[in-house]
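Just below is one structure, and these are the notes that go with it.
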Amino acid sequence: MKEFLNQVYWGNTVRSYLIVAGAVLLGWLILRLLKRFILKVLQRLTTKSKTKFDDIIVSETERFLLPYLNIVVAYYGLEQLTITPKVDKYLTLAFAFVTTYYFVRIVIHALHQIIYHVMEQKGEPPERIRQLSGLLVVMNVVIWSVGILMLVSNLGYDITTIITGLGIGGIAIALAAQNILSDVFSYFVIFFDKPFKVGDSIIINGMSGTVERIGIKTSHIRSISGELLIMPNAEIVKSTIQNFYDLTKRRVVFTLTLHEESTEAQIQSIPGIIKEIIDGTEHVVFDRSHLSGFGNATINFETVYFVNNPDYKVYMDAQQQIYLGILKAFRENNIRFLFFTFPPLQAPLAKKI
């Protein structure tokens, strides 16, 4: 047995291989026990705490740190053996790649969890949290770039030349893709300034619709006629945006045109009739009704009222009830009118109907 243990293979005795293997297995066993017992206790403790940051630390430890420590144990075990410079170089290179990979994954995952936690703490809606995907993609690219540069530097290469080259190349790329970069920066403006979010009904450049998606380069808006409008973010940011999400009430104006043969008593009764009808309509507040002018053989009355409900269907129901009430009252009082006119209402049709 002693002779067998002293036999040399690839520059190491069998005894050395067994000691290294035993040390590696012992290290893995300790890490497994750590995960099975100590980590479970920590998980139970963190569930009782009010903050979520300790949960993030435990999650990072379980998902990334413990697997990485298993690789560290194996690496330092192999380093105890006598190996050729070439093999040692490849082993060090592989370990550097693995270290960089786990380092970047830990940073990215932790930042993702922290950002999501902060968004939830602020009470952000699910649509806004899903909008984070574009921001997280850009953040991932930046972190991976930094990680790769750190790896190259640790391998002994001078990264100054690389950074200089990237700077010159970045300027060239920026000039060639300035439209794309403009859309990306506009995405950040939309995300942080929040002129609208997914689900809002908006009007941009005379086009009405509901926001379905906010991407890094384009945003998707479902128009009131059904087609999907795909608009570059840069064009959206440059435009005036009408957002109906926070609409609390609607101001409605209509003009009633009477026949010139209407009597003075009928003309004087018009504001009172209209006020009574509007006051009897739910969700509506009367503002005014006046004789506003004369036309060619016509007498014009302008009426203003407010609908204290953002729902477009409620507005239409109220308007219908008011108009039917006016028709009925005018017929009962033998008042002749020619037509109603009212300004076109810009409303969140795609969402509120």
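Each chain in the structure tokens gets a letter, A, B and so on, in the order shown; residues start at 1 in every chain, and ligands are counted from 1 in the order they appear.
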
At a cut-off of 12 Å, using only C-alpha atoms, what residues contact A:Gln268? Leave out same-chain residues fewer than 2 positions from it and give the result as a PyMOL selection string. chain A and resi 262-266+270-274+289-291+299+301+335

Could you write those residues out with N, CA and C atoms, as a PDB file, in the first residue's frame?
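Output contents, as saved in again-v8.pdb:
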```
ATOM      1  N   SER A 262     -88.946  82.368 -32.650  1.00  0.00           N
ATOM      2  CA  SER A 262     -89.183  82.094 -31.240  1.00  0.00           C
ATOM      3  C   SER A 262     -89.620  83.367 -30.527  1.00  0.00           C
ATOM      4  N   THR A 263     -90.579  83.219 -29.608  1.00  0.00           N
ATOM      5  CA  THR A 263     -91.091  84.383 -28.884  1.00  0.00           C
ATOM      6  C   THR A 263     -90.109  84.816 -27.808  1.00  0.00           C
ATOM      7  N   GLU A 264     -90.319  86.032 -27.304  1.00  0.00           N
ATOM      8  CA  GLU A 264     -89.436  86.542 -26.257  1.00  0.00           C
ATOM      9  C   GLU A 264     -89.534  85.703 -24.989  1.00  0.00           C
ATOM     10  N   ALA A 265     -90.761  85.269 -24.674  1.00  0.00           N
ATOM     11  CA  ALA A 265     -90.943  84.434 -23.477  1.00  0.00           C
ATOM     12  C   ALA A 265     -90.211  83.105 -23.624  1.00  0.00           C
ATOM     13  N   GLN A 266     -90.272  82.521 -24.821  1.00  0.00           N
ATOM     14  CA  GLN A 266     -89.565  81.259 -25.053  1.00  0.00           C
ATOM     15  C   GLN A 266     -88.053  81.451 -24.928  1.00  0.00           C
ATOM     16  N   ILE A 270     -85.233  79.668 -21.960  1.00  0.00           N
ATOM     17  CA  ILE A 270     -84.238  78.658 -22.379  1.00  0.00           C
ATOM     18  C   ILE A 270     -83.209  78.368 -21.286  1.00  0.00           C
ATOM     19  N   PRO A 271     -82.495  79.364 -20.716  1.00  0.00           N
ATOM     20  CA  PRO A 271     -81.480  79.049 -19.689  1.00  0.00           C
ATOM     21  C   PRO A 271     -82.043  78.278 -18.508  1.00  0.00           C
ATOM     22  N   GLY A 272     -83.237  78.655 -18.057  1.00  0.00           N
ATOM     23  CA  GLY A 272     -83.826  77.953 -16.911  1.00  0.00           C
ATOM     24  C   GLY A 272     -84.175  76.509 -17.239  1.00  0.00           C
ATOM     25  N   ILE A 273     -84.719  76.276 -18.462  1.00  0.00           N
ATOM     26  CA  ILE A 273     -85.057  74.898 -18.863  1.00  0.00           C
ATOM     27  C   ILE A 273     -83.796  74.038 -18.908  1.00  0.00           C
ATOM     28  N   ILE A 274     -82.745  74.563 -19.530  1.00  0.00           N
ATOM     29  CA  ILE A 274     -81.508  73.788 -19.670  1.00  0.00           C
ATOM     30  C   ILE A 274     -80.877  73.533 -18.300  1.00  0.00           C
ATOM     31  N   SER A 289     -75.609  79.058 -18.972  1.00  0.00           N
ATOM     32  CA  SER A 289     -76.320  78.979 -20.244  1.00  0.00           C
ATOM     33  C   SER A 289     -76.762  80.385 -20.606  1.00  0.00           C
ATOM     34  N   HIS A 290     -76.266  80.896 -21.753  1.00  0.00           N
ATOM     35  CA  HIS A 290     -76.520  82.284 -22.138  1.00  0.00           C
ATOM     36  C   HIS A 290     -76.853  82.391 -23.622  1.00  0.00           C
ATOM     37  N   LEU A 291     -77.590  83.462 -23.926  1.00  0.00           N
ATOM     38  CA  LEU A 291     -77.771  83.838 -25.321  1.00  0.00           C
ATOM     39  C   LEU A 291     -76.430  84.391 -25.795  1.00  0.00           C
ATOM     40  N   ILE A 299     -81.050  82.341 -33.535  1.00  0.00           N
ATOM     41  CA  ILE A 299     -80.700  82.842 -32.198  1.00  0.00           C
ATOM     42  C   ILE A 299     -79.897  81.752 -31.505  1.00  0.00           C
ATOM     43  N   PHE A 301     -77.719  79.983 -28.363  1.00  0.00           N
ATOM     44  CA  PHE A 301     -77.496  79.862 -26.925  1.00  0.00           C
ATOM     45  C   PHE A 301     -76.289  78.948 -26.687  1.00  0.00           C
ATOM     46  N   ILE A 335     -91.131  75.107 -28.618  1.00  0.00           N
ATOM     47  CA  ILE A 335     -89.946  75.883 -28.983  1.00  0.00           C
ATOM     48  C   ILE A 335     -89.281  75.204 -30.169  1.00  0.00           C
TER      49      ILE A 335
END
```

Need to verify the contact set: A:Ala318, 7 Å, only C-alpha atoms, exclusion of same-chain residues closer than 4 positions in sequence. Can you return it as an MDAnalysis selection string? chainID A and resid 281 314 322

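Nearest to A:Glu127 of all the residues A:Leu39, A:Ile230, A:Leu29, A:Val198 is A:Val198, counting only C-alpha atoms.
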
Using DSSP on the backbone coordinates, identify all residues within stretch 43-260 of chain A classified as strand (DSSP E or B); present the result as number ranges by chain. A: 201-204, 207-214, 218-223, 228-232, 241-243, 250-259

Got time to write the residues from that selection, C-alpha atoms, as a PDB file, in the first residue's frame?
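Contents of part39.pdb, freshly written:
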```pdb
ATOM      1  CA  SER A 201     -55.078  57.039 -22.940  1.00  0.00           C
ATOM      2  CA  ILE A 202     -53.191  59.791 -24.729  1.00  0.00           C
ATOM      3  CA  ILE A 203     -53.239  62.022 -27.801  1.00  0.00           C
ATOM      4  CA  ILE A 204     -49.981  62.679 -29.681  1.00  0.00           C
ATOM      5  CA  MET A 207     -53.563  60.604 -32.877  1.00  0.00           C
ATOM      6  CA  SER A 208     -55.572  59.096 -30.015  1.00  0.00           C
ATOM      7  CA  GLY A 209     -54.935  55.722 -28.421  1.00  0.00           C
ATOM      8  CA  THR A 210     -53.977  53.621 -25.426  1.00  0.00           C
ATOM      9  CA  VAL A 211     -50.336  52.950 -24.556  1.00  0.00           C
ATOM     10  CA  GLU A 212     -49.657  49.200 -24.771  1.00  0.00           C
ATOM     11  CA  ARG A 213     -45.860  49.046 -24.524  1.00  0.00           C
ATOM     12  CA  ILE A 214     -42.942  51.367 -23.818  1.00  0.00           C
ATOM     13  CA  THR A 218     -40.240  52.629 -29.756  1.00  0.00           C
ATOM     14  CA  SER A 219     -43.532  52.797 -27.913  1.00  0.00           C
ATOM     15  CA  HIS A 220     -46.685  50.993 -29.057  1.00  0.00           C
ATOM     16  CA  ILE A 221     -50.014  52.817 -28.995  1.00  0.00           C
ATOM     17  CA  ARG A 222     -53.317  51.142 -29.885  1.00  0.00           C
ATOM     18  CA  SER A 223     -55.354  53.736 -31.789  1.00  0.00           C
ATOM     19  CA  LEU A 228     -51.190  49.629 -33.690  1.00  0.00           C
ATOM     20  CA  LEU A 229     -49.119  52.813 -33.857  1.00  0.00           C
ATOM     21  CA  ILE A 230     -45.377  52.217 -33.412  1.00  0.00           C
ATOM     22  CA  MET A 231     -43.773  55.555 -32.632  1.00  0.00           C
ATOM     23  CA  PRO A 232     -40.071  56.346 -32.018  1.00  0.00           C
ATOM     24  CA  ILE A 241     -48.791  64.833 -25.132  1.00  0.00           C
ATOM     25  CA  GLN A 242     -52.348  64.954 -23.863  1.00  0.00           C
ATOM     26  CA  ASN A 243     -52.765  62.375 -21.103  1.00  0.00           C
ATOM     27  CA  ARG A 250     -64.758  67.123 -18.377  1.00  0.00           C
ATOM     28  CA  ARG A 251     -65.854  70.563 -19.514  1.00  0.00           C
ATOM     29  CA  VAL A 252     -68.558  70.251 -22.155  1.00  0.00           C
ATOM     30  CA  VAL A 253     -69.744  73.151 -24.322  1.00  0.00           C
ATOM     31  CA  PHE A 254     -72.632  73.037 -26.776  1.00  0.00           C
ATOM     32  CA  THR A 255     -74.524  75.631 -28.776  1.00  0.00           C
ATOM     33  CA  LEU A 256     -78.259  75.477 -29.318  1.00  0.00           C
ATOM     34  CA  THR A 257     -79.572  77.330 -32.385  1.00  0.00           C
ATOM     35  CA  LEU A 258     -83.196  78.519 -32.226  1.00  0.00           C
ATOM     36  CA  HIS A 259     -85.477  79.638 -35.031  1.00  0.00           C
TER      37      HIS A 259
END
```

Based on DSSP run over this structure's backbone, return all residues of stretch 204-318 of chain A in helix (DSSP H, G or I), as a count of residues only. 29
